[in-house]
There are 4 protein chains.
Amino acid sequence: MHTHAAVFGASGYTGLEITKLLASHPSVELAVAASDRWQGDRVRDHLPVSGPAGDVHYRPPEAALDRAQSCQVAFLATPADTSVELVPQLLERGIKLIVDLSGGFRLKDPTLYPRYYGFAHPKPALLGEAVYGLPEVAPKDSLSGAQLIANPGCYPTAGVLAMAPLVSKGLCEPSIIVDAKSGVTGAGRKATGDLSFAEVDEDFRAYRVGKHQHGPEIAQSLAGMRNAAIDLTFTAHLLPVRRGILATCYAKLAPNVDPETVDGAVARFWEGARFVRHVAAEAVTLKAVVGTNLCLVAAKVDPATRMVTAFASIDNLIKGAAGQAVQNMNLALRLDEGLGLTDLKGTYP
Amino acid sequence: MHTHAAVFGASGYTGLEITKLLASHPSVELAVAASDRWQGDRVRDHLPVSGPAGDVHYRPPEAALDRAQSCQVAFLATPADTSVELVPQLLERGIKLIVDLSGGFRLKDPTLYPRYYGFAHPKPALLGEAVYGLPEVAPKDSLSGAQLIANPGCYPTAGVLAMAPLVSKGLCEPSIIVDAKSGVTGAGRKATGDLSFAEVDEDFRAYRVGKHQHGPEIAQSLAGMRNAAIDLTFTAHLLPVRRGILATCYAKLAPNVDPETVDGAVARFWEGARFVRHVAAEAVTLKAVVGTNLCLVAAKVDPATRMVTAFASIDNLIKGAAGQAVQNMNLALRLDEGLGLTDLKGTYP
Amino acid sequence: MHTHAAVFGASGYTGLEITKLLASHPSVELAVAASDRWQGDRVRDHLPVSGPAGDVHYRPPEAALDRAQSCQVAFLATPADTSVELVPQLLERGIKLIVDLSGGFRLKDPTLYPRYYGFAHPKPALLGEAVYGLPEVAPKDSLSGAQLIANPGCYPTAGVLAMAPLVSKGLCEPSIIVDAKSGVTGAGRKATGDLSFAEVDEDFRAYRVGKHQHGPEIAQSLAGMRNAAIDLTFTAHLLPVRRGILATCYAKLAPNVDPETVDGAVARFWEGARFVRHVAAEAVTLKAVVGTNLCLVAAKVDPATRMVTAFASIDNLIKGAAGQAVQNMNLALRLDEGLGLTDLKGTYP
Amino acid sequence: MHTHAAVFGASGYTGLEITKLLASHPSVELAVAASDRWQGDRVRDHLPVSGPAGDVHYRPPEAALDRAQSCQVAFLATPADTSVELVPQLLERGIKLIVDLSGGFRLKDPTLYPRYYGFAHPKPALLGEAVYGLPEVAPKDSLSGAQLIANPGCYPTAGVLAMAPLVSKGLCEPSIIVDAKSGVTGAGRKATGDLSFAEVDEDFRAYRVGKHQHGPEIAQSLAGMRNAAIDLTFTAHLLPVRRGILATCYAKLAPNVDPETVDGAVARFWEGARFVRHVAAEAVTLKAVVGTNLCLVAAKVDPATRMVTAFASIDNLIKGAAGQAVQNMNLALRLDEGLGLTDLKGTYP
C-alpha cells in the first residue's frame, strides 16, 4: 500500500514542485493538497501531471487539515508563522512525519525568531525536537524515523554544502564569507513591484544585507560541524533567472594545512554522496543543476594567499526545497534516499 | 524664457520617461511633477537627472494641479479614467496645451468607452476637440496650436506606421491583420503576479485576445486614411523584454497593384520623415530602436500569394508614448519637431 | 529484451534531448551516441543521466555507424545534408527504423531542395518512401511499421496543429497566415555572433522572411488535409527565450460556417488526442508546455470580420523535435504512443 | 575649433559606445573610425547617430592609422596585443593623447604579461610612462596633459572604487576579497558557443577562477593606495544581463577602527566626486547605473565580526570602459571632467 501525503501551501512555487515530485514517486502518493487560491480546482488544471495525482482537488487549509488525518506524511510549504501553528495541530492528529519547508523550526535558539522572523516562537520546546534535515551532513541515522524535520533553507543548503568538507575537517579558519546569488523563485510567489519583470530583468543587487534570516541558519549549521563558533558574513543577491543558487564562499586555510591537499580532501569527502558532485570551479553552473536534486561543488586554493574559494550550485526549488524535502522523507521512512529524485534530468538546454 | 511643463503620473514608467526627456529639452523645462507614491522626494532621488529638473519635488496630484496653473504644458501619464477627470480641470485653469497619454481621448466614438475602457465617457464633447497625435500621418497643420492632444497608444503607433503607406495609397485590401508583440513596460508599473519575473521570464503568450482597447484605435486610424471601413484583426502578445514593440502586419495587395512596386512606394512614402526609417525586413528589430524615438519599417510582398507582410518596431515608452508626446508638444508649440529627441542614441548593446 | 537505439548528432540540443528521453524510456535503450565534439566522453559527463544510458560513450560518426548495425532504431539529429547521406547507409545496414529529425526527407517535391536546403536531393526516390510523422494528423496506421520517418520541423508542428481542425474540416478559406515565434534553441547549437546573448537578449525580430524552409513544409502538410492548394504566408521570429514556439495563425471562415460553432468543432477534433489540449487563447503559453510533449491549442473567431485566430504552443525541442521523434518511434514499433513521454512534468516555474 | 578623435576597434561593443559618446561631446569630434568588419559603411548604418559623426566612414586599421595623423586624440578599443603594437605607431605619428582601453599598458610589472595576457610585452619601457586612468583615485594632476593613458578594466573600476576609501584611509586589513559579477558585454563581441544566448540565459557561473587578468590589476591599484602589498582574492562571474557589474567586497576592519565610523568615512571620501555616489547597500543596483557614467557605492559593517562588506555598481561599457575613457580624455585635455557624460540618463526602466 502506498504512503499518503498531504501538501500545505500547494499553490506556491515550492508547493508546485513537491506536487510534481510526489506525482512520480514510486512509494508515496499525493492525497491532499491545500490551497486557498485554487480551491476546487484539480492539480491537472495547474500542472502537466496525469494519473491519480492530477485528480487531487485543492482544498482550503482547514478542510485539508481534517483530511490529512488519513495521511502518514505532511509537507508544509507555508510561511514560517503558518508552519509554527500547523505543526502542533498535525502532531495532535497523529501524523507520522512532518517535513516543514519554512524556517519555523530550523533555528535552535528561540531568541533569534523575533529578530529574523518577526515573531516570538509559540512552541520553543519543539525546536529541540525538530531534526535539521540536510542529509549529507546530518548525524548518521538522525533522520531515520524522525517525526518533525526542519527542511533547510535554499541558501544554507548551498552555503553549507560548499563549506562542509573544509569546516568539518578543520581545514579552514572559522571566519567564513558566503556570497550567494539566487533566482527569483527563491522569494516565493509574490505580487510585489520589486519582483516584477520590468524591475528584475537586466538588474542585479544585494538584498536584506546584514539581516537575512538564512545567516544565523548557516552559522548554526557550520558551527555544529566544528563544535565551535563561526564568524559568518553572508550576502544574498537577486539574479535575473527563475531558478538556481550559486554560492561563492571564502575562508583562510588553517595553519599547517598543505594547500595542495585541499582539493583531494573535498573530493574524498563527497565520495559516495548521492546528490553532491565534486567538479572544477568553472563547471559549477546553474544550468547543470536546475531541474535536478544535484549539488555541484568545487574548491580552489590560492597558495600565495592561502585563501580557499569554495563553490556550490543547486536548484533552489529542488535541492534547496522540495527535492530535499522528498529526500528527507525517504530517509525518515527508511526508503531508498533517491526514490523519486534520481530520474530528474534537468532543463538544460 | 523657457516653457514650463507639468507631468501627472510622474512615477509610472511613462512618466519617468517624459521626465528624462524634458530634463534634456532645450526649450521646455520640467516645473511640476505629480506623484502620490514619491511625494516629497526629488526627481534626482529616482533618476540620474542633474540640473534644475533633478531638483523638482514630487507633489500629490491636487497640489500639482494648483501649481500647473503656472505651466504652459501638461503631460498626463495617468490612467484613462483619471485623465478624463483631469483634462477639464486643466482646461479650466487655462493650460495652453495638454498632451494626454492615456486612451481617454483617442476614440472618436464615445459608445466604445464602456466596452474597451470600462467607463462611460464623462466629456464626450471633448472627443471631437482632441487631436489624435500621430504626427507622421496626422493631417497637415492639425497639431500646430492644438490645445488637447490624444497621444496614440503604443500598439497603434507601431501598427499604423507599418500599414500607413499601404492603406493610404490604396495598395492593399481593407482586411488587415496586426500581430503585435510588446515588452512588459507597455503594461505600466504594476505589482501583479502575472507580470512578476518568475511568470514572464522564458514565457510568451497572447493576452486580451479580441478585446484589447488598441484594436478599435488602430481600426479608426487606418479607416481615416482611406475614408472607408477596415476589417481589423489585432492580437497583442507579451514579450519577455523590458521595452519595445514589433508589429507584423498582413494584407492582400489590391487588384492591379504590381507586387514589384510596393517596396518602392513604401520607401517613397517615408522620404523626409524625421523618425521613420524604411529598412529590410530582418533589420526591423527592437535593439535598433529601444532608447530612441525611431520607428523602423519594412514591407515584403510574396508575388505568388499577393500577400504583403509589413513590419514596424518602436520603443513603446518613447515613440510609443513619451517621445511621441514630446514630438507632439514640439509641433503644437511650433518648435522644431525633433527638439529633445534626435540626440537619443539607444541602449544597444 | 530492450530495443537498442543509436543517436547521431548527439551533442546538439536536439540530440541531448533525445538522449534524455531514451534514458527514461521503459522499452528502448540508448546504445550508441555519435558525436565528433565529445568523442571519448560518456553521456554522464554532459547530462545528469544515471544508469546504463549515462555510461554510453560518444563515438565519431563512422564508428557509430558500424555499431548502429546492432541497433533496431536510429535517430538522426543531424543537418539535412548529413541526413540524406546517412539514411542510405543505415538502410543498407538493415536498420529497422530510422527517424530523421532534419528536413532531409520532409518535402515530397525534390525540386524544392535546392532553394530551401541548398542542395539537390541525392535520393529523390526515398522522398516518396518517407512517412511524414506528425502523429496527430498522419493517416491512420501510416506510422505503424514504417522504416523511414521524416520527423516534422518545429514550426510546422505548431502551425499545422493550430490549423488542422479548421483546414481538414473545411471551416476556413485556403489563404492562411502563420505568424510564429521561437526560442533560440530552434536554431541549433551554433557559435554565431547573431545568436550571442548580447545580441538576442532584449531583442525580437523576424528572420529569413519569405524564404524559411518550414514554409513549404507547412503548406504541403495543410494542403494534404484538404486535397487542394494552400496560400500560405509564414513568418518566423526569434524570441529571447531558450525554448518554446507559439504560433498565431489567421484565416477567414469559409462561407456558411457559423462562427459560433468553430470553437466546439476544434474541441471535438482534439478529443482523445494524447498530447494536444484545447484551452482558452490566453492559456496557450510557453510556460505550460516547455519541458513536456504537449501542444496547447485555441481558436477564437471574430463574428464581425469572420476571421479566426488559431494558437498553438509547443516545446520546440520536445513536441517540435525529440519528443515527437520518440512518439513516432513508439507508433512505428507498435508500442504505446506515450511511452517515455507522459511522465514529463515541465520546467515551470 | 573642435578636437578631432580617432577610434580603433570601432565595431566592438566598447568602440560603439565611444562612438556614441563622442557624437554628443561638445568639444571633441569623431573624425576617424577603424573597423575591418564594417569597412565602407558609415556610422549611421550601425548606430542611431545623426550629424557629422553619423557620416564618418569605417576604414581598415591601416588607412585609419594614416588619417589619425590629423587627430589629436586616439581611443584604442582593441585587444591588448593589438594595442601594444598600435601605441608606438601612434606616438611616432605625434598623436597628442592616446587612451588605450585594453590591458596592454595597465600593469606596471612587465613580467605579469606572459601569464595574464599571453604575450611578452614588446615595449616594457612604455609601461612606466602610461598613466593609470581611474580619475577618482589617480594622483592629483597626474592625468592633466598625459600622453598615454591606460584606461582601467571594468572589474578593477568597480572593485577599486568599492574599496578605495577603506584601503586608502587604512580602515581595513590588507586581505581583501572582490566577488564580482558582470554582464556579457564585458567579454566583448565574440561569436563563441559559451556566450550564445542558449548557454548564458538562465545560467550563472564563475569563470577564469584564479587566473583572470583583472586580479593583478586590482591588487596593483589597491596596493598603490596604501604603499603596501594586498592579499587579493578575486572571483569573476558571468551574469545573464547585457550590461553592468556589481562588485561585493569583503575585508576585516583594522584594529582600533570604530565600526560606527566607517559608513561616515566612506560618505566623506566621496563628497564632491562627480560620478561616484554613496548610497544604501540595497540601492547599489545595475539598473541605477546602466546607461550612465555613475558608480554607486556602499559599505556595511557587522560590529560582531568586524567585517566590512563594500559594494559598487557600474555600467561596464561606460564607467567601466568608454565613459571613463572620455572622462580621462577630458582631464588630459584640461576640459571639464564631465563633458559629454553628465547628460546620460540611463536605460531604466
# chains A, B, ... in the order shown; residues from 1 in each chain; ligands from 1

call {"tool": "residues_around", "arguments": {"residues": "Val84 in chain C", "least_positions_apart": "6", "cutoff": "12 Å", "atoms": "only C-alpha atoms", "output": "JSON, numbers by chain"}}
result
{"C": [76, 77, 78, 90, 91, 98, 100, 101, 102, 103, 104, 105, 106, 113, 117, 119, 120, 121, 122, 123, 124, 125, 126, 127, 130, 148, 150]}

call {"tool": "residues_around", "arguments": {"residues": "range 241-254 of chain B", "least_positions_apart": "5", "cutoff": "7 Å", "atoms": "only C-alpha atoms", "output": "PyMOL selection string"}}
result
(chain A and resi 198) or (chain B and resi 158-159+171-173+175-185+286+290+306-316) or (chain C and resi 202)

call {"tool": "write_last_selection", "arguments": {"atoms": "C-alpha atoms", "output": "tab-separated table (two decimals), in the first residue's frame"}}
result
chain	number	residue	atom	x	y	z
A	198	ALA	CA	10.46	45.19	-15.53
B	158	ALA	CA	3.56	50.57	-34.50
B	159	GLY	CA	0.63	49.05	-36.37
B	171	LEU	CA	-2.18	49.44	-52.24
B	172	CYS	CA	-3.92	46.78	-50.13
B	173	GLU	CA	-7.35	45.40	-49.45
B	175	SER	CA	-8.86	43.23	-44.42
B	176	ILE	CA	-5.81	43.78	-42.21
B	177	ILE	CA	-4.11	41.69	-39.57
B	178	VAL	CA	-1.84	43.25	-36.94
B	179	ASP	CA	0.10	40.65	-34.95
B	180	ALA	CA	1.95	42.69	-32.33
B	181	LYS	CA	4.44	41.79	-29.62
B	182	SER	CA	5.31	44.09	-26.73
B	183	GLY	CA	7.75	44.29	-23.84
B	184	VAL	CA	6.30	44.38	-20.33
B	185	THR	CA	6.69	48.09	-19.62
B	286	LEU	CA	13.86	46.04	-31.10
B	290	VAL	CA	14.96	50.88	-27.97
B	306	ARG	CA	-0.02	38.64	-53.43
B	307	MET	CA	0.19	39.00	-49.63
B	308	VAL	CA	2.22	41.84	-48.19
B	309	THR	CA	3.87	41.48	-44.79
B	310	ALA	CA	4.60	44.86	-43.21
B	311	PHE	CA	6.81	45.32	-40.15
B	312	ALA	CA	7.36	48.14	-37.68
B	313	SER	CA	9.40	48.37	-34.49
B	314	ILE	CA	9.40	51.10	-31.84
B	315	ASP	CA	10.36	51.71	-28.23
B	316	ASN	CA	6.95	51.52	-26.55
C	202	GLU	CA	16.04	42.15	-25.00

call {"tool": "select_by_dssp", "arguments": {"residues": "range 175-229 of chain B", "states": "helix (DSSP H, G or I)", "output": "PyMOL selection string"}}
result
chain B and resi 184-187+193-195+197-200+214-226

call {"tool": "write_last_selection", "arguments": {"atoms": "N, CA and C atoms", "output": "PDB file, in the first residue's frame"}}
result
ATOM      1  N   VAL B 184       7.217  44.281 -21.464  1.00  0.00           N
ATOM      2  CA  VAL B 184       6.297  44.385 -20.332  1.00  0.00           C
ATOM      3  C   VAL B 184       6.067  45.805 -19.823  1.00  0.00           C
ATOM      4  N   THR B 185       6.966  46.742 -20.111  1.00  0.00           N
ATOM      5  CA  THR B 185       6.692  48.095 -19.619  1.00  0.00           C
ATOM      6  C   THR B 185       5.455  48.676 -20.281  1.00  0.00           C
ATOM      7  N   GLY B 186       5.025  48.082 -21.381  1.00  0.00           N
ATOM      8  CA  GLY B 186       3.776  48.511 -22.013  1.00  0.00           C
ATOM      9  C   GLY B 186       2.573  48.349 -21.105  1.00  0.00           C
ATOM     10  N   ALA B 187       2.683  47.463 -20.145  1.00  0.00           N
ATOM     11  CA  ALA B 187       1.571  47.240 -19.217  1.00  0.00           C
ATOM     12  C   ALA B 187       1.621  48.202 -18.044  1.00  0.00           C
ATOM     13  N   GLY B 193       0.837  39.441  -9.949  1.00  0.00           N
ATOM     14  CA  GLY B 193       1.504  38.150 -10.089  1.00  0.00           C
ATOM     15  C   GLY B 193       1.794  37.833 -11.543  1.00  0.00           C
ATOM     16  N   ASP B 194       0.875  38.168 -12.424  1.00  0.00           N
ATOM     17  CA  ASP B 194       1.034  37.867 -13.852  1.00  0.00           C
ATOM     18  C   ASP B 194       2.272  38.518 -14.456  1.00  0.00           C
ATOM     19  N   LEU B 195       2.673  39.663 -13.933  1.00  0.00           N
ATOM     20  CA  LEU B 195       3.810  40.376 -14.506  1.00  0.00           C
ATOM     21  C   LEU B 195       5.074  40.191 -13.677  1.00  0.00           C
ATOM     22  N   PHE B 197       8.569  38.512 -12.450  1.00  0.00           N
ATOM     23  CA  PHE B 197       9.662  37.962 -13.251  1.00  0.00           C
ATOM     24  C   PHE B 197       9.505  36.458 -13.447  1.00  0.00           C
ATOM     25  N   ALA B 198       9.150  35.748 -12.374  1.00  0.00           N
ATOM     26  CA  ALA B 198       9.077  34.281 -12.462  1.00  0.00           C
ATOM     27  C   ALA B 198       7.987  33.821 -13.428  1.00  0.00           C
ATOM     28  N   GLU B 199       6.987  34.658 -13.686  1.00  0.00           N
ATOM     29  CA  GLU B 199       5.912  34.276 -14.613  1.00  0.00           C
ATOM     30  C   GLU B 199       6.194  34.705 -16.050  1.00  0.00           C
ATOM     31  N   VAL B 200       6.886  35.813 -16.226  1.00  0.00           N
ATOM     32  CA  VAL B 200       7.069  36.380 -17.577  1.00  0.00           C
ATOM     33  C   VAL B 200       8.329  35.857 -18.257  1.00  0.00           C
ATOM     34  N   HIS B 214      -6.693  48.695 -27.898  1.00  0.00           N
ATOM     35  CA  HIS B 214      -5.965  49.294 -29.014  1.00  0.00           C
ATOM     36  C   HIS B 214      -6.491  48.829 -30.376  1.00  0.00           C
ATOM     37  N   GLY B 215      -7.343  47.788 -30.358  1.00  0.00           N
ATOM     38  CA  GLY B 215      -7.933  47.331 -31.612  1.00  0.00           C
ATOM     39  C   GLY B 215      -8.764  48.427 -32.290  1.00  0.00           C
ATOM     40  N   PRO B 216      -9.790  48.950 -31.623  1.00  0.00           N
ATOM     41  CA  PRO B 216     -10.598  49.994 -32.270  1.00  0.00           C
ATOM     42  C   PRO B 216      -9.790  51.249 -32.601  1.00  0.00           C
ATOM     43  N   GLU B 217      -8.729  51.503 -31.849  1.00  0.00           N
ATOM     44  CA  GLU B 217      -7.906  52.688 -32.138  1.00  0.00           C
ATOM     45  C   GLU B 217      -7.153  52.521 -33.455  1.00  0.00           C
ATOM     46  N   ILE B 218      -6.603  51.321 -33.670  1.00  0.00           N
ATOM     47  CA  ILE B 218      -5.917  51.073 -34.944  1.00  0.00           C
ATOM     48  C   ILE B 218      -6.919  51.147 -36.101  1.00  0.00           C
ATOM     49  N   ALA B 219      -8.071  50.510 -35.912  1.00  0.00           N
ATOM     50  CA  ALA B 219      -9.085  50.497 -36.978  1.00  0.00           C
ATOM     51  C   ALA B 219      -9.532  51.915 -37.317  1.00  0.00           C
ATOM     52  N   GLN B 220      -9.756  52.729 -36.296  1.00  0.00           N
ATOM     53  CA  GLN B 220     -10.177  54.119 -36.517  1.00  0.00           C
ATOM     54  C   GLN B 220      -9.120  54.895 -37.296  1.00  0.00           C
ATOM     55  N   SER B 221      -7.867  54.665 -36.940  1.00  0.00           N
ATOM     56  CA  SER B 221      -6.792  55.426 -37.561  1.00  0.00           C
ATOM     57  C   SER B 221      -6.604  55.016 -39.025  1.00  0.00           C
ATOM     58  N   LEU B 222      -6.627  53.711 -39.289  1.00  0.00           N
ATOM     59  CA  LEU B 222      -6.443  53.254 -40.669  1.00  0.00           C
ATOM     60  C   LEU B 222      -7.673  53.594 -41.518  1.00  0.00           C
ATOM     61  N   ALA B 223      -8.841  53.492 -40.923  1.00  0.00           N
ATOM     62  CA  ALA B 223     -10.064  53.823 -41.667  1.00  0.00           C
ATOM     63  C   ALA B 223     -10.035  55.285 -42.109  1.00  0.00           C
ATOM     64  N   GLY B 224      -9.506  56.134 -41.230  1.00  0.00           N
ATOM     65  CA  GLY B 224      -9.434  57.551 -41.575  1.00  0.00           C
ATOM     66  C   GLY B 224      -8.573  57.816 -42.795  1.00  0.00           C
ATOM     67  N   MET B 225      -7.608  56.932 -43.047  1.00  0.00           N
ATOM     68  CA  MET B 225      -6.686  57.140 -44.170  1.00  0.00           C
ATOM     69  C   MET B 225      -7.303  56.803 -45.515  1.00  0.00           C
ATOM     70  N   ARG B 226      -8.282  55.923 -45.502  1.00  0.00           N
ATOM     71  CA  ARG B 226      -8.880  55.548 -46.772  1.00  0.00           C
ATOM     72  C   ARG B 226     -10.357  55.926 -46.834  1.00  0.00           C
TER      73      ARG B 226
END

call {"tool": "residues_around", "arguments": {"residues": "Phe275 in chain D", "least_positions_apart": "6", "cutoff": "9 Å", "atoms": "only C-alpha atoms", "output": "PDB file with all heavy atoms, in the first residue's frame"}}
result
ATOM      1  N   GLU D 136      39.092  59.049 -10.114  1.00  0.00           N
ATOM      2  CA  GLU D 136      38.681  59.316  -8.732  1.00  0.00           C
ATOM      3  C   GLU D 136      39.798  59.021  -7.739  1.00  0.00           C
ATOM      4  O   GLU D 136      39.772  59.525  -6.608  1.00  0.00           O
ATOM      5  CB  GLU D 136      37.442  58.483  -8.383  1.00  0.00           C
ATOM      6  CG  GLU D 136      36.158  58.986  -9.031  1.00  0.00           C
ATOM      7  CD  GLU D 136      36.004  58.592 -10.495  1.00  0.00           C
ATOM      8  OE1 GLU D 136      36.856  57.817 -10.988  1.00  0.00           O
ATOM      9  OE2 GLU D 136      35.059  59.057 -11.148  1.00  0.00           O
ATOM     10  N   ASN D 293      27.495  57.132 -16.560  1.00  0.00           N
ATOM     11  CA  ASN D 293      28.902  57.030 -16.141  1.00  0.00           C
ATOM     12  C   ASN D 293      29.030  56.944 -14.618  1.00  0.00           C
ATOM     13  O   ASN D 293      30.107  57.108 -14.071  1.00  0.00           O
ATOM     14  CB  ASN D 293      29.688  58.244 -16.659  1.00  0.00           C
ATOM     15  CG  ASN D 293      31.192  58.019 -16.641  1.00  0.00           C
ATOM     16  OD1 ASN D 293      31.664  56.996 -17.138  1.00  0.00           O
ATOM     17  ND2 ASN D 293      31.944  58.950 -16.055  1.00  0.00           N
ATOM     18  N   LEU D 294      27.923  56.670 -13.946  1.00  0.00           N
ATOM     19  CA  LEU D 294      27.931  56.662 -12.485  1.00  0.00           C
ATOM     20  C   LEU D 294      28.496  55.369 -11.900  1.00  0.00           C
ATOM     21  O   LEU D 294      28.412  54.304 -12.501  1.00  0.00           O
ATOM     22  CB  LEU D 294      26.510  56.822 -11.947  1.00  0.00           C
ATOM     23  CG  LEU D 294      25.824  58.154 -12.221  1.00  0.00           C
ATOM     24  CD1 LEU D 294      24.377  58.097 -11.753  1.00  0.00           C
ATOM     25  CD2 LEU D 294      26.570  59.291 -11.513  1.00  0.00           C
ATOM     26  N   CYS D 295      29.037  55.510 -10.706  1.00  0.00           N
ATOM     27  CA  CYS D 295      29.372  54.363  -9.869  1.00  0.00           C
ATOM     28  C   CYS D 295      28.669  54.559  -8.532  1.00  0.00           C
ATOM     29  O   CYS D 295      28.860  55.575  -7.870  1.00  0.00           O
ATOM     30  CB  CYS D 295      30.890  54.286  -9.657  1.00  0.00           C
ATOM     31  SG  CYS D 295      31.389  52.963  -8.525  1.00  0.00           S
ATOM     32  N   LEU D 296      27.815  53.598  -8.152  1.00  0.00           N
ATOM     33  CA  LEU D 296      27.183  53.659  -6.837  1.00  0.00           C
ATOM     34  C   LEU D 296      27.991  52.794  -5.872  1.00  0.00           C
ATOM     35  O   LEU D 296      28.424  51.700  -6.237  1.00  0.00           O
ATOM     36  CB  LEU D 296      25.741  53.142  -6.898  1.00  0.00           C
ATOM     37  CG  LEU D 296      24.769  53.930  -7.767  1.00  0.00           C
ATOM     38  CD1 LEU D 296      23.343  53.402  -7.582  1.00  0.00           C
ATOM     39  CD2 LEU D 296      24.811  55.419  -7.450  1.00  0.00           C
ATOM     40  N   LYS D 319      31.183  53.605 -17.391  1.00  0.00           N
ATOM     41  CA  LYS D 319      32.191  53.883 -16.355  1.00  0.00           C
ATOM     42  C   LYS D 319      33.300  52.825 -16.386  1.00  0.00           C
ATOM     43  O   LYS D 319      34.448  53.105 -16.046  1.00  0.00           O
ATOM     44  CB  LYS D 319      31.523  53.937 -14.978  1.00  0.00           C
ATOM     45  CG  LYS D 319      32.471  54.298 -13.835  1.00  0.00           C
ATOM     46  CD  LYS D 319      33.159  55.658 -14.019  1.00  0.00           C
ATOM     47  CE  LYS D 319      34.104  55.964 -12.876  1.00  0.00           C
ATOM     48  NZ  LYS D 319      35.004  57.106 -13.194  1.00  0.00           N
ATOM     49  N   GLY D 338      33.268  66.369 -16.719  1.00  0.00           N
ATOM     50  CA  GLY D 338      32.006  65.713 -17.020  1.00  0.00           C
ATOM     51  C   GLY D 338      31.483  65.946 -18.435  1.00  0.00           C
ATOM     52  O   GLY D 338      30.388  65.491 -18.767  1.00  0.00           O
ATOM     53  N   THR D 342      27.700  63.906 -18.233  1.00  0.00           N
ATOM     54  CA  THR D 342      26.724  64.181 -17.174  1.00  0.00           C
ATOM     55  C   THR D 342      25.290  64.144 -17.683  1.00  0.00           C
ATOM     56  O   THR D 342      24.355  64.064 -16.894  1.00  0.00           O
ATOM     57  CB  THR D 342      26.984  65.550 -16.508  1.00  0.00           C
ATOM     58  OG1 THR D 342      27.205  66.500 -17.539  1.00  0.00           O
ATOM     59  CG2 THR D 342      28.204  65.486 -15.624  1.00  0.00           C
TER      60      THR D 342
END

call {"tool": "residues_around", "arguments": {"residues": "Leu317 in chain A", "least_positions_apart": "4", "cutoff": "6 Å", "atoms": "only C-alpha atoms", "output": "ChimeraX atom specification"}}
result
/A:14,321-322

call {"tool": "select_by_dssp", "arguments": {"residues": "range 106-159 of chain D", "states": "strand (DSSP E)", "output": "list in words"}}
result
Val131, Tyr132, Leu148, Ile149 and Ala150 of chain D

call {"tool": "interface_residues", "arguments": {"of": "chain D", "to": "chain B", "cutoff": "7 Å", "atoms": "only C-alpha atoms", "output": "ChimeraX atom specification"}}
result
/D:13,20,48-49,345-347,349

call {"tool": "residues_around", "arguments": {"residues": "Ala31 in chain A", "least_positions_apart": "2", "cutoff": "12 Å", "atoms": "only C-alpha atoms", "output": "ChimeraX atom specification"}}
result
/A:2-8,10,19,22-23,28-29,33-34,42-43,52-59,64-65,67-75

call {"tool": "residues_around", "arguments": {"residues": "range 139-143 of chain C", "least_positions_apart": "2", "cutoff": "12 Å", "atoms": "only C-alpha atoms", "output": "ChimeraX atom specification"}}
result
/C:97-99,129-137,145-151,221,224-225,325,327-335,337

call {"tool": "atom_distance", "arguments": {"atom1": "CA of Leu107 in chain A", "atom2": "CA of Asp81 in chain A"}}
result
13.7 Å

call {"tool": "closest_residue", "arguments": {"among": "B:Ala191, B:Leu166, B:Leu30, B:Val284", "to": "Pro259 in chain B", "atoms": "only C-alpha atoms"}}
result
B:Leu166

call {"tool": "closest_residue", "arguments": {"among": "C:Phe269, C:Trp38, C:Phe234, C:Tyr116", "to": "Thr305 in chain B", "atoms": "only C-alpha atoms"}}
result
C:Phe234

call {"tool": "atom_distance", "arguments": {"atom1": "CA of Leu239 in chain C", "atom2": "CA of Phe204 in chain C"}}
result
5.7 Å
